[in-house]
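Okay, so here's the structure we're looking at.
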There are 2 protein chains.
Amino acid sequence: MNLQGLIDNIQRYISLEEREICALEDILESRTLRKKEFLLQPGQVCRSQFYVHKGLIRNYLIGEDGDEHTLQFACEDWFISDFNSYINQVAGSLFVQALEDSVVICLPYQKVEELCRVYPSFERFFRLVSQKAFAFSQKRILSNLGKSAEERYREFKDLYPNIEQRVPQYALASYLGMSSEFLSKIKNRLARNSFS
Amino acid sequence: MNLQGLIDNIQRYISLEEREICALEDILESRTLRKKEFLLQPGQVCRSQFYVHKGLIRNYLIGEDGDEHTLQFACEDWFISDFNSYINQVAGSLFVQALEDSVVICLPYQKVEELCRVYPSFERFFRLVSQKAFAFSQKRILSNLGKSAEERYREFKDLYPNIEQRVPQYALASYLGMSSEFLSKIKNRLARNSFS
DNA sequence: CGCGACGTTGATTTGCCTCAACGATTGTGG
DNA sequence: CCACAATCGTTGAGGCAAATCAACGTCGCG
C-alpha cells in the first residue's frame, strides 16, 4: 500500500521521525470500495476515520422529512467519517458512501488515541487538523446564514473547482442547502448570463 | 483572579499536574469588559482566545448586505474568539462583543502554542476541545440545512435554555438565520399554541 | 421627560420549494 | 448488442415559508 500521500499530508503540519512513521504505519489498514458502497450507516459506531487515497466519498444525513443533507465531500487527500460518532464512540447518524470506486486508509479510533499518547507529534497533528476543520465549518455556517442559493453555488465552484463534475447534482444541491431543481435553474441562469 | 473555573473545565478532559497548572497560570491575563464593548473588530489579528469567566460574549459578521450574522454566543465557561483569525494569526472578519458586563481570561496564541509544545497534556486538551467544537458545528450545519425556522428556534431553547433571556432578540434571530420580525412571530405563534 | 434602541404586528413581496411531466444518460440482463 | 428500466437532470406552474417594509408600542437610560 502506498502511504506517501498521507504521510506528506501529515508532514505539512509537523515533521515525523522514522519511528513515528513506523508506528503510524502499524495501525493503518486500507479498504477498497466500489461506487455506491457504504463505509458506514446510521446506528453504527464509527470505529475509524478515513483518509481518502483515491476516489470520492460523501457523508450525509437523512432527515425526518426524508431528504438528504450532505455534510461533506472528500476526495483525494481529505479525511472523512461520521465525526461525532467517531470522537465519542457512540452510534452515528450519517451515511458515509463512495461516490466513485475508491481506496481509503482507515485510522482506528483506539489505536490513534494510543498513538497520540505515545507520540505527542500526532497529538499535535490532530489538534491542528481539528482546529482547521472547525474554522472551516464556521465559515460554512456563515455562508449558509448570509448568502443566497446562487452565491453559495458560486462560492463552492470557486473553492472546489474540480469537485462539481465528480458529484451528482442532487448531492451537490443537498450540500448547498437547496433543491436539485433549483440548482438546475441557477446553472441555467448563469449560463445564459455569461452569453449576454 | 479566580482561575478555578478554567482549570476545572480543562480537568474535565485531562488531568493536570501542579507544575502544568502553574505554567498555565503564568500565561493568562484577565480582562474586564463593559456591555457593548468590543474585544475584537474586523481587520484585527486575534491574538488571544477568550475563556468567559463571567458575562456573555458574542461574535458576529456583518455581511456585504449589511446585516449581522452571529456565529456564537459564549457565557460562563465557554471559549470564544475569531477562531479563524486566531489559529492562522491573520486579519479577522468578526466583531467580538460583550452583551453584558463581562470578565474574560485571555489565552495568548504564542504562549499557548509554546505551552502545548512543552506539556503534551495541553496539546491533548486543545485537540479534544477542537474536535468537540468541530463535531458541534457540524451538527449546526445539519440543523441549518434541514430544519425550518421554528424547529431551529425550539432546538436552541432545548439546548441552551438559559441563553435566550440574556441576549437581545435580534441577535438570537441572526444566530438562527432568520429575521428578527419572523422570530417574533414564531414566539407569538408558540405562545398561542400552548394555550389551546 | 424625551430620545433611541428594541420588539411587535400587519401587508406585501419574493426566493425557493413542491409537484409533475418530460428528456437524456447509464447500466444491466436477455 | 439491443431493449428496457432506473437514475439523473431539466423545465414550467403553482404554492408557501420567510423576508421586507412600514407603522406603532414599549422600555431603559441620559
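In the C-alpha cells, chains take the letters A, B, ... in the order shown, each chain's residues start at 1, and ligands count up from 1 in the order shown.
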Identify, on the basis of only C-alpha atoms (C1' of nucleotides), every residue whose closest approach to DA24 (chain C) does not exceed 10 Å; exclude the query and any residue fewer than 2 positions from it along the same chain; express the result as a PyMOL selection string. (chain C and resi 26) or (chain D and resi 8-10)
Those residues you just picked out, can you put them in a file as a CSV table (one decimal), in the first residue's frame with C-alpha atoms (C1' of nucleotides)?
```
chain,number,residue,atom,x,y,z
C,26,DT,C1',-26.5,4.9,-17.9
D,8,DC,C1',-30.5,11.7,-13.1
D,9,DG,C1',-31.2,16.3,-14.9
D,10,DT,C1',-34.5,19.9,-17.0
```
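In this structure, the chain A residues at most 10 Å away from chain D are Pro168, Gln169, Tyr170, Ser180, Glu181, Ser184, Lys185 and Asn188 of chain A, with only C-alpha atoms (C1' of nucleotides) considered.
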Taking only C-alpha atoms (C1' of nucleotides) into account, what are the residues of chain C at most 12 Å from chain B, put as a list in words? DA5, DC6, DG7, DT8, DT9 and DG10 of chain C
Written file, previous selection with C-alpha atoms (C1' of nucleotides), as an mmCIF file, in the first residue's frame:
```
data_model
loop_
_atom_site.group_PDB
_atom_site.id
_atom_site.type_symbol
_atom_site.label_atom_id
_atom_site.label_comp_id
_atom_site.auth_asym_id
_atom_site.auth_seq_id
_atom_site.Cartn_x
_atom_site.Cartn_y
_atom_site.Cartn_z
ATOM 1 C "C1'" DA C 5 -32.918 51.012 20.870
ATOM 2 C "C1'" DC C 6 -35.707 47.104 20.778
ATOM 3 C "C1'" DG C 7 -39.790 44.379 19.945
ATOM 4 C "C1'" DT C 8 -44.469 43.740 17.685
ATOM 5 C "C1'" DT C 9 -47.841 43.447 14.135
ATOM 6 C "C1'" DG C 10 -49.817 43.510 9.583
#
```
Write down as number ranges by chain the residues belonging to chain B that are assigned helix (DSSP H, G or I) by DSSP computed on the backbone. B: 4-11, 18-27, 83-88, 109-118, 120-146, 149-159, 164-166, 169-176, 180-195
Using only C-alpha atoms, tabulate the residues of chain B lying at most 7 Å from any atom of chain A, each with its closest atom pair and that distance in Å to one decimal, by chain and increasing residue number, as a tab-separated table.
```
residue	atom	partner	partner_atom	distance
B:Gly63	CA	A:Gly146	CA	6.7
B:His69	CA	A:Leu145	CA	6.6
B:Leu71	CA	A:Leu142	CA	6.9
B:Phe83	CA	A:Ala135	CA	6.2
B:Asn84	CA	A:Ala135	CA	5.2
B:Pro120	CA	A:Pro120	CA	6.0
B:Glu123	CA	A:Arg124	CA	6.0
B:Arg124	CA	A:Glu123	CA	6.0
B:Phe126	CA	A:Arg127	CA	6.5
B:Arg127	CA	A:Arg127	CA	4.0
B:Ser130	CA	A:Gln131	CA	5.5
B:Gln131	CA	A:Ser130	CA	5.5
B:Ala133	CA	A:Phe134	CA	6.6
B:Phe134	CA	A:Phe134	CA	4.5
B:Ala135	CA	A:Asn84	CA	5.2
B:Ser137	CA	A:Ser137	CA	6.5
B:Gln138	CA	A:Ser137	CA	6.9
B:Ile141	CA	A:Ile141	CA	6.1
B:Leu142	CA	A:His69	CA	6.9
B:Leu145	CA	A:Gly177	CA	5.3
B:Gly146	CA	A:Gly63	CA	6.7
B:Gly177	CA	A:Leu145	CA	5.3
```
So that I can check the surroundings of region 32-39 of chain B, please list as an MDAnalysis selection string every protein, DNA and RNA residue that reaches within 9 Å of it, counting only C-alpha atoms (C1' of nucleotides) and ignoring chain neighbours fewer than 3 positions away. chainID B and resid 55:57 81 95:105
Since we have the selection now, will you write its residues out, keeping N, CA and C atoms, as an mmCIF file, in the first residue's frame?
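Written output follows (out-v2.cif):
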```cif
data_model
loop_
_atom_site.group_PDB
_atom_site.id
_atom_site.type_symbol
_atom_site.label_atom_id
_atom_site.label_comp_id
_atom_site.auth_asym_id
_atom_site.auth_seq_id
_atom_site.Cartn_x
_atom_site.Cartn_y
_atom_site.Cartn_z
ATOM 1 N N GLY B 55 -20.251 36.714 32.510
ATOM 2 C CA GLY B 55 -20.863 37.544 31.487
ATOM 3 C C GLY B 55 -21.236 36.763 30.247
ATOM 4 N N LEU B 56 -21.336 37.477 29.165
ATOM 5 C CA LEU B 56 -21.833 36.883 27.916
ATOM 6 C C LEU B 56 -21.233 37.636 26.739
ATOM 7 N N ILE B 57 -20.636 36.882 25.846
ATOM 8 C CA ILE B 57 -19.978 37.461 24.671
ATOM 9 C C ILE B 57 -20.603 36.872 23.416
ATOM 10 N N SER B 81 -13.717 33.469 20.308
ATOM 11 C CA SER B 81 -12.743 34.349 19.662
ATOM 12 C C SER B 81 -13.146 34.477 18.197
ATOM 13 N N PHE B 95 -16.743 40.732 14.532
ATOM 14 C CA PHE B 95 -16.833 41.504 15.755
ATOM 15 C C PHE B 95 -16.959 40.530 16.913
ATOM 16 N N VAL B 96 -16.245 40.805 17.994
ATOM 17 C CA VAL B 96 -16.421 40.033 19.220
ATOM 18 C C VAL B 96 -16.785 41.038 20.292
ATOM 19 N N GLN B 97 -17.956 40.891 20.829
ATOM 20 C CA GLN B 97 -18.534 41.960 21.649
ATOM 21 C C GLN B 97 -19.215 41.413 22.895
ATOM 22 N N ALA B 98 -19.095 42.154 23.976
ATOM 23 C CA ALA B 98 -19.767 41.783 25.215
ATOM 24 C C ALA B 98 -21.238 42.171 25.150
ATOM 25 N N LEU B 99 -22.100 41.248 25.493
ATOM 26 C CA LEU B 99 -23.534 41.552 25.566
ATOM 27 C C LEU B 99 -23.950 41.910 26.985
ATOM 28 N N GLU B 100 -23.071 41.607 27.927
ATOM 29 C CA GLU B 100 -23.256 42.001 29.323
ATOM 30 C C GLU B 100 -21.896 42.473 29.828
ATOM 31 N N ASP B 101 -21.872 43.120 30.965
ATOM 32 C CA ASP B 101 -20.593 43.352 31.633
ATOM 33 C C ASP B 101 -19.962 41.990 31.861
ATOM 34 N N SER B 102 -18.694 41.863 31.490
ATOM 35 C CA SER B 102 -18.085 40.540 31.490
ATOM 36 C C SER B 102 -16.647 40.557 31.966
ATOM 37 N N VAL B 103 -16.193 39.369 32.350
ATOM 38 C CA VAL B 103 -14.777 39.169 32.642
ATOM 39 C C VAL B 103 -14.314 37.959 31.837
ATOM 40 N N VAL B 104 -13.278 38.151 31.034
ATOM 41 C CA VAL B 104 -12.754 37.035 30.250
ATOM 42 C C VAL B 104 -11.297 36.796 30.615
ATOM 43 N N ILE B 105 -10.874 35.565 30.402
ATOM 44 C CA ILE B 105 -9.468 35.227 30.592
ATOM 45 C C ILE B 105 -8.856 35.030 29.214
#
```
Selection near Ile21 (chain B), 12 Å with only C-alpha atoms (C1' of nucleotides), sequence-local residues under 5 positions removed, as number ranges by chain: B: 3-4, 6-8, 10-11, 14-16, 26-28, 115, 119, 121-122
Let me see the file: selected residues, N, CA and C atoms, as a PDB file, in the first residue's frame.
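See result-v4.pdb below for the written result:
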```pdb
ATOM      1  N   LEU B   3      -9.143  31.403  38.913  1.00  0.00           N
ATOM      2  CA  LEU B   3      -8.975  30.592  37.704  1.00  0.00           C
ATOM      3  C   LEU B   3      -9.594  29.218  37.845  1.00  0.00           C
ATOM      4  N   GLN B   4     -10.229  28.983  38.967  1.00  0.00           N
ATOM      5  CA  GLN B   4     -10.664  27.624  39.214  1.00  0.00           C
ATOM      6  C   GLN B   4     -11.609  27.101  38.134  1.00  0.00           C
ATOM      7  N   LEU B   6     -11.734  27.774  34.921  1.00  0.00           N
ATOM      8  CA  LEU B   6     -10.989  27.348  33.745  1.00  0.00           C
ATOM      9  C   LEU B   6     -10.258  26.033  33.995  1.00  0.00           C
ATOM     10  N   ILE B   7      -9.650  25.946  35.150  1.00  0.00           N
ATOM     11  CA  ILE B   7      -8.884  24.736  35.440  1.00  0.00           C
ATOM     12  C   ILE B   7      -9.789  23.515  35.569  1.00  0.00           C
ATOM     13  N   ASP B   8     -10.916  23.705  36.231  1.00  0.00           N
ATOM     14  CA  ASP B   8     -11.884  22.614  36.308  1.00  0.00           C
ATOM     15  C   ASP B   8     -12.325  22.187  34.920  1.00  0.00           C
ATOM     16  N   ILE B  10     -10.719  22.408  32.133  1.00  0.00           N
ATOM     17  CA  ILE B  10      -9.653  21.634  31.488  1.00  0.00           C
ATOM     18  C   ILE B  10      -9.577  20.229  32.066  1.00  0.00           C
ATOM     19  N   GLN B  11      -9.748  20.143  33.389  1.00  0.00           N
ATOM     20  CA  GLN B  11      -9.617  18.831  34.027  1.00  0.00           C
ATOM     21  C   GLN B  11     -10.800  17.908  33.739  1.00  0.00           C
ATOM     22  N   ILE B  14      -8.665  16.307  30.774  1.00  0.00           N
ATOM     23  CA  ILE B  14      -7.370  15.719  31.111  1.00  0.00           C
ATOM     24  C   ILE B  14      -7.085  16.028  32.569  1.00  0.00           C
ATOM     25  N   SER B  15      -6.085  15.371  33.140  1.00  0.00           N
ATOM     26  CA  SER B  15      -5.709  15.763  34.494  1.00  0.00           C
ATOM     27  C   SER B  15      -4.377  16.506  34.442  1.00  0.00           C
ATOM     28  N   LEU B  16      -4.264  17.494  35.287  1.00  0.00           N
ATOM     29  CA  LEU B  16      -3.101  18.369  35.256  1.00  0.00           C
ATOM     30  C   LEU B  16      -2.239  18.163  36.496  1.00  0.00           C
ATOM     31  N   ASP B  26       0.759  31.213  34.436  1.00  0.00           N
ATOM     32  CA  ASP B  26       1.744  32.220  34.032  1.00  0.00           C
ATOM     33  C   ASP B  26       1.387  32.944  32.749  1.00  0.00           C
ATOM     34  N   ILE B  27       0.661  32.305  31.883  1.00  0.00           N
ATOM     35  CA  ILE B  27       0.434  32.927  30.572  1.00  0.00           C
ATOM     36  C   ILE B  27      -0.912  33.633  30.475  1.00  0.00           C
ATOM     37  N   LEU B  28      -1.716  33.538  31.515  1.00  0.00           N
ATOM     38  CA  LEU B  28      -3.068  34.080  31.433  1.00  0.00           C
ATOM     39  C   LEU B  28      -3.127  35.540  31.863  1.00  0.00           C
ATOM     40  N   LEU B 115       3.198  26.452  25.277  1.00  0.00           N
ATOM     41  CA  LEU B 115       2.746  25.586  26.361  1.00  0.00           C
ATOM     42  C   LEU B 115       2.437  24.179  25.844  1.00  0.00           C
ATOM     43  N   TYR B 119       4.210  20.918  27.282  1.00  0.00           N
ATOM     44  CA  TYR B 119       3.373  19.977  28.023  1.00  0.00           C
ATOM     45  C   TYR B 119       2.320  19.354  27.110  1.00  0.00           C
ATOM     46  N   SER B 121       0.054  17.484  27.647  1.00  0.00           N
ATOM     47  CA  SER B 121      -1.298  17.491  28.215  1.00  0.00           C
ATOM     48  C   SER B 121      -2.153  18.598  27.598  1.00  0.00           C
ATOM     49  N   PHE B 122      -1.546  19.749  27.402  1.00  0.00           N
ATOM     50  CA  PHE B 122      -2.314  20.859  26.836  1.00  0.00           C
ATOM     51  C   PHE B 122      -2.584  20.631  25.348  1.00  0.00           C
TER      52      PHE B 122
END
```
Those in region 3-185 of chain A with strand (DSSP E or B) from DSSP, as JSON, numbers by chain: {"A": [29, 30, 31, 32, 33, 38, 39, 40, 45, 48, 49, 50, 51, 52, 53, 54, 56, 57, 58, 59, 60, 61, 62, 68, 69, 70, 71, 72, 73, 74, 75, 79, 80, 91, 95, 96, 97, 98, 102, 103, 104, 105, 106, 107, 108]}
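Pairwise distance (CA of Ile186 (chain A), CA of Ser148 (chain A)) equals 11.0 Å.
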Residue among B:Arg12, B:Arg31, B:Arg19, B:Lys157 lying closest to Leu172 (chain B), counting only C-alpha atoms: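 So, comparing all the options, the nearest one is B:Lys157.
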Need to verify the contact set: Glu29 (chain B), 10 Å, only C-alpha atoms (C1' of nucleotides), exclusion of same-chain residues closer than 4 positions in sequence. Can you return it as a PyMOL selection string? chain B and resi 1+25+48+50+104-108
Enter the distance from CA of Leu24 (chain B) to CA of Ala74 (chain B), in Å, rounded to one decimal.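 For CA of Leu24 (chain B) relative to CA of Ala74 (chain B), the distance reads 21.6 Å.
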Provide the CA of Ile163 (chain B) to CA of Glu150 (chain B) distance in Å, to one decimal place.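 A separation of 17.1 Å between them.
Here the question is which of B:Ile80, B:Gln41, B:Ala173, B:Val118 gets nearest to Glu20 (chain B) using only C-alpha atoms, and that residue is B:Val118.
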